[in-house]
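Visitor: Next comes start.csv, CSV, C-alpha atoms:
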chain,number,residue,atom,x,y,z
I,591,MET,CA,14.2,-59.5,69.5
I,592,THR,CA,15.3,-63.2,69.9
I,593,PHE,CA,18.3,-64.2,71.9
I,594,THR,CA,20.6,-66.1,69.5
I,595,GLU,CA,24.0,-67.9,69.5
I,596,PHE,CA,25.5,-64.7,68.1
I,597,ASP,CA,24.2,-62.8,71.2
I,598,LYS,CA,25.9,-65.3,73.4
I,599,ILE,CA,29.2,-64.9,71.7
I,600,THR,CA,28.8,-61.1,71.7
I,601,LEU,CA,28.1,-61.0,75.5
I,602,LEU,CA,31.0,-63.4,76.1
I,603,PHE,CA,33.4,-61.0,74.4
I,604,ILE,CA,32.0,-58.0,76.2
I,605,GLY,CA,32.3,-59.9,79.5
I,606,LEU,CA,35.9,-61.0,78.7
I,607,GLY,CA,36.6,-57.3,78.0
I,608,PHE,CA,35.4,-56.3,81.4
I,609,ILE,CA,37.6,-59.0,83.0
I,610,ALA,CA,40.6,-57.7,81.0
I,611,GLU,CA,39.9,-54.2,82.1
I,612,MET,CA,39.8,-55.1,85.8
I,613,ILE,CA,43.1,-57.0,85.4
I,614,LEU,CA,44.7,-54.1,83.7
I,615,LEU,CA,43.5,-51.7,86.3
I,616,VAL,CA,45.2,-53.8,89.0
I,617,LEU,CA,48.4,-53.9,86.9
I,618,THR,CA,48.4,-50.1,86.5
I,619,LYS,CA,48.6,-49.7,90.3
I,620,LYS,CA,51.2,-52.4,90.7
I,621,PHE,CA,53.5,-51.4,87.8
I,622,ASN,CA,53.5,-47.6,87.8
I,623,LYS,CA,56.1,-47.3,85.0
I,624,LEU,CA,53.7,-49.2,82.7
I,625,LYS,CA,50.6,-47.2,83.7
I,626,GLN,CA,50.4,-45.3,80.4
I,627,TYR,CA,50.7,-48.6,78.4
I,628,PHE,CA,48.0,-50.4,80.5
I,629,SER,CA,45.7,-47.3,80.3
I,630,THR,CA,45.9,-47.3,76.5
I,631,LEU,CA,45.0,-51.0,76.4
I,632,ILE,CA,42.0,-50.3,78.7
I,633,ILE,CA,40.8,-47.5,76.4
I,634,LEU,CA,41.2,-49.7,73.3
I,635,ILE,CA,39.2,-52.5,74.9
I,636,ILE,CA,36.4,-50.1,75.9
I,637,LEU,CA,36.3,-48.8,72.3
I,638,CYS,CA,36.0,-52.3,71.0
I,639,GLN,CA,33.2,-53.1,73.4
I,640,ALA,CA,31.4,-49.9,72.4
I,641,LEU,CA,31.7,-50.8,68.7
I,642,LEU,CA,30.5,-54.3,69.4
I,643,ILE,CA,27.4,-53.1,71.2
I,644,TYR,CA,26.7,-50.3,68.7
I,645,GLY,CA,27.2,-52.6,65.7
I,646,SER,CA,25.2,-55.4,67.1
I,647,TYR,CA,22.2,-53.8,68.8
I,648,ILE,CA,21.9,-50.1,67.8
I,649,GLU,CA,22.8,-49.6,64.2
I,650,PRO,CA,20.9,-52.7,62.9
I,651,ARG,CA,17.6,-51.2,64.2
I,652,TRP,CA,18.4,-47.6,63.3
I,653,ILE,CA,16.6,-47.2,59.9
I,654,ASP,CA,17.9,-44.6,57.5
I,655,VAL,CA,15.4,-43.0,55.1
I,656,ARG,CA,17.5,-42.0,52.2
I,657,HIS,CA,16.3,-39.8,49.3
I,658,GLU,CA,17.6,-40.1,45.7
I,659,ASN,CA,16.8,-38.5,42.4
I,660,ILE,CA,16.9,-40.7,39.3
I,661,GLN,CA,16.3,-39.3,35.8
I,662,LEU,CA,15.4,-41.9,33.1
I,663,ASN,CA,14.4,-39.6,30.3
I,664,GLU,CA,15.8,-36.1,29.8
I,665,ASN,CA,12.7,-35.1,27.8
I,666,GLY,CA,10.2,-36.8,30.2
I,667,ASN,CA,7.8,-34.7,32.3
I,668,SER,CA,6.4,-37.5,34.5
I,669,GLU,CA,7.4,-38.2,38.1
I,670,LEU,CA,6.8,-40.9,40.6
I,671,LYS,CA,7.8,-41.3,44.2
I,672,VAL,CA,9.1,-44.9,44.5
I,673,VAL,CA,10.2,-46.5,47.8
I,674,ILE,CA,12.7,-49.3,47.6
I,675,VAL,CA,13.1,-51.7,50.6
I,676,SER,CA,15.0,-55.0,50.4
I,677,ASP,CA,16.5,-57.9,52.3
I,678,PHE,CA,14.3,-58.0,55.3
I,679,HIS,CA,15.7,-61.4,56.4
I,680,VAL,CA,13.0,-61.8,59.0
I,681,GLY,CA,13.9,-64.6,61.5
I,682,PRO,CA,16.2,-64.8,64.4
I,683,TYR,CA,17.3,-61.1,64.3
I,684,LYS,CA,14.2,-59.2,63.1
I,685,GLN,CA,10.6,-60.0,63.5
I,686,ASP,CA,7.1,-58.5,62.9
I,687,ASP,CA,7.8,-55.5,65.2
I,688,PHE,CA,10.7,-54.4,63.0
I,689,VAL,CA,8.7,-54.9,59.8
I,690,ALA,CA,5.9,-52.8,61.3
I,691,LYS,CA,8.4,-50.0,62.1
I,692,ALA,CA,9.7,-50.1,58.5
I,693,VAL,CA,6.1,-50.1,57.1
I,694,GLU,CA,5.3,-47.0,59.2
I,695,LYS,CA,8.3,-45.2,57.9
I,696,ILE,CA,7.5,-46.1,54.3
I,697,ASN,CA,3.9,-44.9,54.6
I,698,GLU,CA,5.1,-41.6,56.0
I,699,GLN,CA,6.7,-41.0,52.6
I,700,ASN,CA,3.4,-41.3,50.8
I,701,PRO,CA,4.9,-43.4,48.0
I,702,ASP,CA,3.2,-43.9,44.6
I,703,LEU,CA,4.9,-47.3,44.3
I,704,VAL,CA,6.8,-49.7,46.6
I,705,LEU,CA,9.4,-52.1,45.2
I,706,MET,CA,11.0,-54.9,47.2
I,707,PRO,CA,13.9,-56.8,45.5
I,708,GLY,CA,13.9,-60.0,47.5
I,709,ASP,CA,15.4,-61.9,50.5
I,710,PHE,CA,12.4,-61.7,52.8
I,711,ILE,CA,13.4,-64.5,55.1
I,712,TYR,CA,16.6,-65.6,57.0
I,713,SER,CA,16.3,-69.3,56.5
I,714,TYR,CA,13.0,-71.1,57.3
I,715,PRO,CA,9.8,-70.6,55.3
I,716,ASP,CA,7.5,-70.1,58.3
I,717,GLN,CA,9.6,-67.0,59.1
I,718,ALA,CA,7.6,-65.3,56.3
I,719,ASP,CA,4.7,-65.2,58.8
I,720,PHE,CA,6.6,-62.2,60.4
I,721,LEU,CA,5.9,-60.2,57.3
I,722,TYR,CA,2.2,-59.6,58.0
I,723,PRO,CA,2.7,-55.8,58.7
I,724,LEU,CA,3.4,-55.5,54.9
I,725,ALA,CA,-0.4,-55.7,54.6
I,726,ASP,CA,-0.5,-52.1,55.9
I,727,LEU,CA,1.6,-50.7,53.1
I,728,GLU,CA,-0.1,-47.8,51.2
I,729,ALA,CA,0.9,-47.1,47.6
I,730,GLU,CA,-1.5,-46.1,44.9
I,731,LEU,CA,0.3,-47.9,42.1
I,732,GLY,CA,0.9,-51.0,44.1
I,733,VAL,CA,3.5,-53.0,46.1
I,734,TYR,CA,5.7,-55.3,44.0
I,735,ALA,CA,8.4,-57.8,44.9
I,736,VAL,CA,10.7,-60.5,43.5
I,737,LEU,CA,12.3,-63.4,45.3
I,738,GLY,CA,15.9,-63.5,46.4
I,739,ASN,CA,18.2,-66.5,46.9
I,740,HIS,CA,17.4,-66.8,50.6
I,741,ASP,CA,13.7,-67.1,49.8
I,742,TYR,CA,14.8,-70.4,48.3
I,743,GLY,CA,17.3,-71.1,51.2
I,744,VAL,CA,20.2,-71.0,48.7
I,745,GLY,CA,23.6,-69.3,48.8
I,746,ARG,CA,26.7,-69.2,46.8
I,747,LYS,CA,27.9,-72.6,48.0
I,748,ASN,CA,24.7,-74.5,47.2
I,749,LYS,CA,23.3,-72.9,44.0
I,750,ASP,CA,22.5,-76.3,42.6
I,751,ASP,CA,19.8,-76.7,45.4
I,752,TYR,CA,17.5,-74.3,43.6
I,753,ASN,CA,15.7,-77.2,42.0
I,754,ALA,CA,15.5,-79.2,45.2
I,755,GLU,CA,12.0,-80.0,46.4
I,756,GLY,CA,12.6,-78.2,49.7
I,757,ALA,CA,13.9,-75.0,48.1
I,758,ILE,CA,10.9,-74.8,45.7
I,759,ALA,CA,8.4,-75.5,48.6
I,760,LYS,CA,10.1,-72.8,50.7
I,761,SER,CA,9.9,-70.2,47.9
I,762,GLU,CA,6.2,-71.1,47.2
I,763,TYR,CA,5.4,-70.5,50.9
I,764,VAL,CA,7.1,-67.1,50.9
I,765,VAL,CA,5.1,-66.1,47.8
I,766,GLN,CA,1.9,-67.4,49.3
I,767,LYS,CA,2.4,-65.2,52.4
I,768,LEU,CA,3.5,-62.1,50.5
I,769,GLU,CA,0.4,-62.3,48.3
I,770,GLU,CA,-1.7,-62.9,51.4
I,771,PHE,CA,-0.3,-59.6,52.7
I,772,GLY,CA,-1.1,-57.7,49.5
I,773,VAL,CA,2.2,-57.9,47.8
I,774,THR,CA,2.3,-58.7,44.1
I,775,VAL,CA,5.2,-61.1,43.4
I,776,LEU,CA,6.6,-61.0,39.9
I,777,ARG,CA,8.3,-64.2,38.6
I,778,ASN,CA,9.7,-63.4,35.2
I,779,GLU,CA,6.6,-61.2,34.6
I,780,ILE,CA,6.0,-57.7,33.3
I,781,VAL,CA,3.3,-55.2,34.4
I,782,GLU,CA,2.3,-51.8,33.2
I,783,ILE,CA,2.7,-49.2,36.0
I,784,ASP,CA,1.8,-46.0,34.0
I,785,HIS,CA,-0.1,-46.7,30.8
I,786,ASP,CA,-0.1,-43.1,29.6
I,787,ASN,CA,3.6,-42.6,29.9
I,788,LYS,CA,4.6,-46.2,29.0
I,789,LEU,CA,6.3,-47.2,32.2
I,790,LYS,CA,6.7,-50.9,32.8
I,791,LEU,CA,8.1,-53.1,35.5
I,792,LEU,CA,9.8,-56.4,34.8
I,793,GLY,CA,10.2,-58.6,37.9
I,794,LEU,CA,12.8,-61.4,37.5
I,795,GLU,CA,13.6,-64.6,39.3
I,796,ASP,CA,17.0,-64.6,41.1
I,797,ILE,CA,19.8,-65.1,38.6
I,798,TRP,CA,21.4,-67.9,40.6
I,799,GLY,CA,18.4,-70.1,40.1
I,800,SER,CA,17.2,-72.3,37.2
I,801,ARG,CA,13.9,-70.4,37.2
I,802,PHE,CA,15.8,-67.4,35.8
I,803,ASP,CA,14.9,-68.7,32.3
I,804,PHE,CA,13.0,-66.6,29.9
I,805,ASN,CA,13.2,-64.9,26.5
I,806,MET,CA,12.8,-61.1,26.3
I,807,ASP,CA,10.6,-61.7,23.2
I,808,GLU,CA,8.0,-63.1,25.5
I,809,PHE,CA,7.4,-59.6,27.0
I,810,ASP,CA,5.4,-56.8,25.4
I,811,ILE,CA,8.1,-54.1,25.3
I,812,SER,CA,8.3,-51.4,22.6
I,813,ASP,CA,11.1,-48.9,21.9
I,814,ASP,CA,8.9,-46.2,23.4
I,815,ASP,CA,8.5,-48.0,26.8
I,816,THR,CA,10.5,-47.1,29.9
I,817,VAL,CA,11.3,-50.4,31.6
I,818,ILE,CA,12.4,-50.9,35.2
I,819,PHE,CA,14.0,-54.3,36.0
I,820,LEU,CA,13.4,-55.5,39.5
I,821,GLU,CA,16.0,-58.3,40.3
I,822,HIS,CA,17.5,-59.3,43.6
I,823,ASN,CA,21.1,-59.7,42.4
I,824,PRO,CA,22.8,-56.7,40.8
I,825,ASP,CA,24.9,-59.0,38.6
I,826,ILE,CA,21.9,-58.9,36.3
I,827,VAL,CA,23.5,-55.9,34.8
I,828,LEU,CA,26.1,-58.2,33.3
I,829,TYR,CA,23.5,-60.2,31.3
I,830,ASP,CA,22.5,-59.4,27.7
I,831,GLU,CA,18.9,-59.0,28.8
I,832,ALA,CA,19.9,-55.9,30.8
I,833,GLU,CA,20.1,-54.0,27.5
I,834,PHE,CA,16.3,-53.8,27.6
I,835,SER,CA,16.3,-51.9,30.9
I,836,ASP,CA,16.2,-48.2,31.6
I,837,LEU,CA,16.8,-48.8,35.3
I,838,ILE,CA,17.8,-51.9,37.3
I,839,ILE,CA,16.8,-52.0,41.0
I,840,SER,CA,18.5,-54.6,43.2
I,841,GLY,CA,19.5,-55.5,46.8
I,842,HIS,CA,21.6,-58.5,47.9
I,843,THR,CA,24.8,-56.8,48.9
I,844,HIS,CA,23.7,-55.3,52.2
I,845,GLY,CA,26.3,-52.6,51.3
I,846,GLY,CA,28.8,-55.0,52.8
I,847,GLN,CA,26.9,-54.9,56.2
I,848,ILE,CA,30.2,-54.2,57.9
I,849,ARG,CA,32.0,-51.2,56.5
I,850,LEU,CA,35.0,-49.1,57.5
I,851,PRO,CA,35.6,-45.4,56.6
I,852,PHE,CA,37.8,-44.9,53.6
I,853,TRP,CA,37.8,-48.7,53.0
I,854,GLY,CA,34.2,-49.7,52.2
I,855,PRO,CA,32.8,-53.2,52.7
I,856,VAL,CA,34.9,-55.4,54.9
I,857,PRO,CA,33.6,-58.8,53.7
I,858,GLU,CA,33.7,-60.0,50.1
I,859,LEU,CA,30.4,-59.1,48.4
I,860,PRO,CA,28.4,-62.0,47.0
I,861,THR,CA,28.5,-60.6,43.5
I,862,VAL,CA,30.7,-60.8,40.4
I,863,LEU,CA,30.6,-57.0,40.3
I,864,GLY,CA,32.4,-56.9,43.6
I,865,LYS,CA,32.9,-54.2,46.3
I,866,GLU,CA,33.1,-51.4,43.8
I,867,TYR,CA,29.3,-51.8,43.3
I,868,ASP,CA,28.3,-52.0,47.0
I,869,TYR,CA,25.3,-49.7,47.2
I,870,GLY,CA,23.8,-46.6,45.6
I,871,GLN,CA,23.4,-45.4,42.0
I,872,PHE,CA,25.7,-46.6,39.3
I,873,GLU,CA,26.1,-46.5,35.6
I,874,TYR,CA,27.5,-49.7,34.1
I,875,GLU,CA,28.3,-49.7,30.4
I,876,GLY,CA,25.4,-47.3,29.7
I,877,LYS,CA,22.9,-49.1,32.0
I,878,GLN,CA,21.5,-47.5,35.1
I,879,LEU,CA,21.7,-49.6,38.3
I,880,TYR,CA,20.5,-48.9,41.8
I,881,ILE,CA,21.6,-51.1,44.7
I,882,THR,CA,20.1,-50.7,48.1
I,883,LYS,CA,21.8,-51.8,51.4
I,884,GLY,CA,18.6,-53.4,52.5
I,885,ILE,CA,17.1,-53.5,55.9
I,886,GLY,CA,18.1,-56.8,57.5
I,887,GLU,CA,21.2,-58.9,58.3
I,888,MET,CA,22.7,-62.3,57.4
I,889,GLY,CA,25.5,-64.0,59.3
I,890,PRO,CA,26.1,-61.8,62.4
I,891,ARG,CA,23.5,-59.7,63.9
I,892,ALA,CA,25.5,-56.6,63.0
I,893,ARG,CA,25.8,-53.6,60.8
I,894,LEU,CA,28.6,-51.1,61.1
I,895,PHE,CA,28.6,-47.9,59.0
I,896,ALA,CA,26.0,-49.5,56.9
I,897,ARG,CA,22.7,-48.5,58.4
I,898,PRO,CA,19.5,-50.4,57.3
I,899,GLU,CA,17.8,-48.2,54.8
I,900,ILE,CA,14.5,-47.3,53.1
I,901,VAL,CA,15.3,-45.6,49.8
I,902,VAL,CA,12.8,-42.9,48.5
I,903,VAL,CA,13.4,-42.2,44.9
I,904,LYS,CA,12.0,-39.3,43.0
I,905,LEU,CA,11.8,-41.0,39.6
I,906,SER,CA,11.6,-38.7,36.5
I,907,TYR,CA,10.8,-40.3,33.2
Once you've parsed the file, please lay out its structure as structure tokens.

Guide:
Amino acid sequence: MTFTEFDKITLLFIGLGFIAEMILLVLTKKFNKLKQYFSTLIILIILCQALLIYGSYIEPRWIDVRHENIQLNENGNSELKVVIVSDFHVGPYKQDDFVAKAVEKINEQNPDLVLMPGDFIYSYPDQADFLYPLADLEAELGVYAVLGNHDYGVGRKNKDDYNAEGAIAKSEYVVQKLEEFGVTVLRNEIVEIDHDNKLKLLGLEDIWGSRFDFNMDEFDISDDDTVIFLEHNPDIVLYDEAEFSDLIISGHTHGGQIRLPFWGPVPELPTVLGKEYDYGQFEYEGKQLYITKGIGEMGPRARLFARPEIVVVKLSY
């Protein structure tokens, strides 16, 4: 774990909290009539410190293995165990040791197929070197991925930079490392996962980028096929192309990363769909959509009531 600017700020607030507690303890002895008031303040400060420590250093490393059932065809009699893991964001907060921990948990599930919907790095291309434990993933039908916006180094405020030379070079390096580690990266490409039962996987470029440019007629899809779309951004469900999908698998939202009970995500989600579609299984205008909270963090080194997750799907089709 690397010590970052966020850690400095976190420790500063914790330290200031201790100073405030000491001052309030002195005041409780000096002003006996206000003892209850000062004691309440001390308790509130301690609770804030505890939440700060938990959200910054405990929950982000506490991986949740979540199990889901998804039925794509009522008359189908085929099943696959699919693991979904997204948004590693390796870099300042998480490195190879965390990736290795995630890989170990994935392999414990004995998946048939592993799908990773993008955002492998935090910001710099060489951070993809931390992903080498992915080479140890075991899945009979393969390990597939698509790129996310951060694999280009692009966010909402600089979408136009997708075509910049640096952004393209960054994405190419990420792809190079992933393929070196045994991951098949799909870039507007379709593959057949189960020939006998006509299950296909279509991996798409991130919708914010100019490389999200294709014609569905290019792909060999028949009415009998069951088609899974793998796309980083769940807003793909708003596009006409989504009509060809039986299931869309995405990440990107982090489930809000910071959540409150009965409220949901605290920050605005980086999607048109908004906070109503934060994570989990949804139906949108007849289309099935699954959004994972992912496993890494952006912005602060923090998750609160939004544990990093590996999703194990029993897929019936």

Visitor: Please identify all polymer residues within 12 Å of Phe802 in chain I, counting all atoms listed in the file, omitting same-chain residues fewer than 3 positions from it, and present them as a list in words.

Guide: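 In the requested format, the answer is Val736, Leu737, Gly738, Asn739, Tyr752, Asn753, Leu776, Arg777, Asn778, Glu779, Gly793, Leu794, Glu795, Asp796, Ile797, Trp798, Gly799, Asn805, Met806, Glu821, His822, Asn823, Ile826, Tyr829 and Glu831 of chain I.
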
Visitor: Write out as a list in words which residues come within 8 Å of Leu850 in chain I when counting only C-alpha atoms, dropping same-chain ones fewer than 6 positions away.

Guide: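 Near Leu850 in chain I, the qualifying residues are Val856, Leu894 and Phe895 of chain I.
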
Visitor: In Å, rounded to a single decimal, give me how far CA of Arg849 in chain I is from CA of Arg897 in chain I.

Guide: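 These two atoms are separated by 9.9 Å.
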
Visitor: Closest to Trp853 in chain I among I:Leu828, I:Asp868, I:Asp719, I:Ile653, using all atoms listed in the file?

Guide: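 The shortest atom-to-atom distance to Trp853 in chain I comes from I:Asp868.
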
Visitor: When you draw a straight line from CA of Asp709 in chain I to CA of Ala729 in chain I, how long is it in Å?

Guide: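 Atom-to-atom, CA of Asp709 in chain I to CA of Ala729 in chain I, that is 20.9 Å.
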
Visitor: Looking at I:Met612, I:Ala754, I:Ile811, I:Ile838, which one is nearest to Glu782 in chain I, with distances taken over all atoms listed in the file?

Guide: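 Among the listed residues, I:Ile811 lies closest to Glu782 in chain I.
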
Visitor: Taking only C-alpha atoms into account, which of I:Phe678, I:Tyr742, I:Phe593, I:Tyr734 comes nearest Ser713 in chain I?

Guide: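 Closest to Ser713 in chain I of all the choices is I:Tyr742.
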
Visitor: Which residues, protein or nucleic acid, reach to within 12 Å of (29.3, -52.6, 48.9) in the file's coordinates when using all atoms listed in the file, and can you give that as a tab-separated table (two decimals) with C-alpha atoms, in the coordinates of the input?

Guide:
chain	number	residue	atom	x	y	z
I	824	PRO	CA	22.80	-56.70	40.80
I	841	GLY	CA	19.50	-55.50	46.80
I	842	HIS	CA	21.60	-58.50	47.90
I	843	THR	CA	24.80	-56.80	48.90
I	844	HIS	CA	23.70	-55.30	52.20
I	845	GLY	CA	26.30	-52.60	51.30
I	846	GLY	CA	28.80	-55.00	52.80
I	847	GLN	CA	26.90	-54.90	56.20
I	848	ILE	CA	30.20	-54.20	57.90
I	849	ARG	CA	32.00	-51.20	56.50
I	850	LEU	CA	35.00	-49.10	57.50
I	853	TRP	CA	37.80	-48.70	53.00
I	854	GLY	CA	34.20	-49.70	52.20
I	855	PRO	CA	32.80	-53.20	52.70
I	856	VAL	CA	34.90	-55.40	54.90
I	857	PRO	CA	33.60	-58.80	53.70
I	858	GLU	CA	33.70	-60.00	50.10
I	859	LEU	CA	30.40	-59.10	48.40
I	860	PRO	CA	28.40	-62.00	47.00
I	861	THR	CA	28.50	-60.60	43.50
I	862	VAL	CA	30.70	-60.80	40.40
I	863	LEU	CA	30.60	-57.00	40.30
I	864	GLY	CA	32.40	-56.90	43.60
I	865	LYS	CA	32.90	-54.20	46.30
I	866	GLU	CA	33.10	-51.40	43.80
I	867	TYR	CA	29.30	-51.80	43.30
I	868	ASP	CA	28.30	-52.00	47.00
I	869	TYR	CA	25.30	-49.70	47.20
I	870	GLY	CA	23.80	-46.60	45.60
I	871	GLN	CA	23.40	-45.40	42.00
I	872	PHE	CA	25.70	-46.60	39.30
I	880	TYR	CA	20.50	-48.90	41.80
I	881	ILE	CA	21.60	-51.10	44.70
I	882	THR	CA	20.10	-50.70	48.10
I	883	LYS	CA	21.80	-51.80	51.40
I	884	GLY	CA	18.60	-53.40	52.50
I	895	PHE	CA	28.60	-47.90	59.00
I	896	ALA	CA	26.00	-49.50	56.90

Visitor: Quick one: pull the distance between CA of Phe628 in chain I and CA of Leu614 in chain I, Å, one decimal.

Guide: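 Going from CA of Phe628 in chain I over to CA of Leu614 in chain I covers 5.9 Å.
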
Visitor: Give me the residues near Ala735 in chain I as a list in words, where near means some atom within 6 Å (using only C-alpha atoms) and where sequence neighbours in that chain fewer than 6 positions away do not count.

Guide: Leu705, Met706, Pro707 and Val775 of chain I

Visitor: Find the residue from I:Ile783, I:Ile839, I:Ile636, I:Leu641 that sits nearest to Val901 in chain I; use only C-alpha atoms when measuring.

Guide: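 Of I:Ile783, I:Ile839, I:Ile636, I:Leu641, the one nearest Val901 in chain I is I:Ile839, counting only C-alpha atoms.
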
Visitor: As a VMD selection string, please: the residues near Asp677 in chain I (cut-off 6 Å, all atoms listed in the file, same-chain neighbours under 2 positions excluded).

Guide: chain I and resid 679 708 to 710 884 to 886
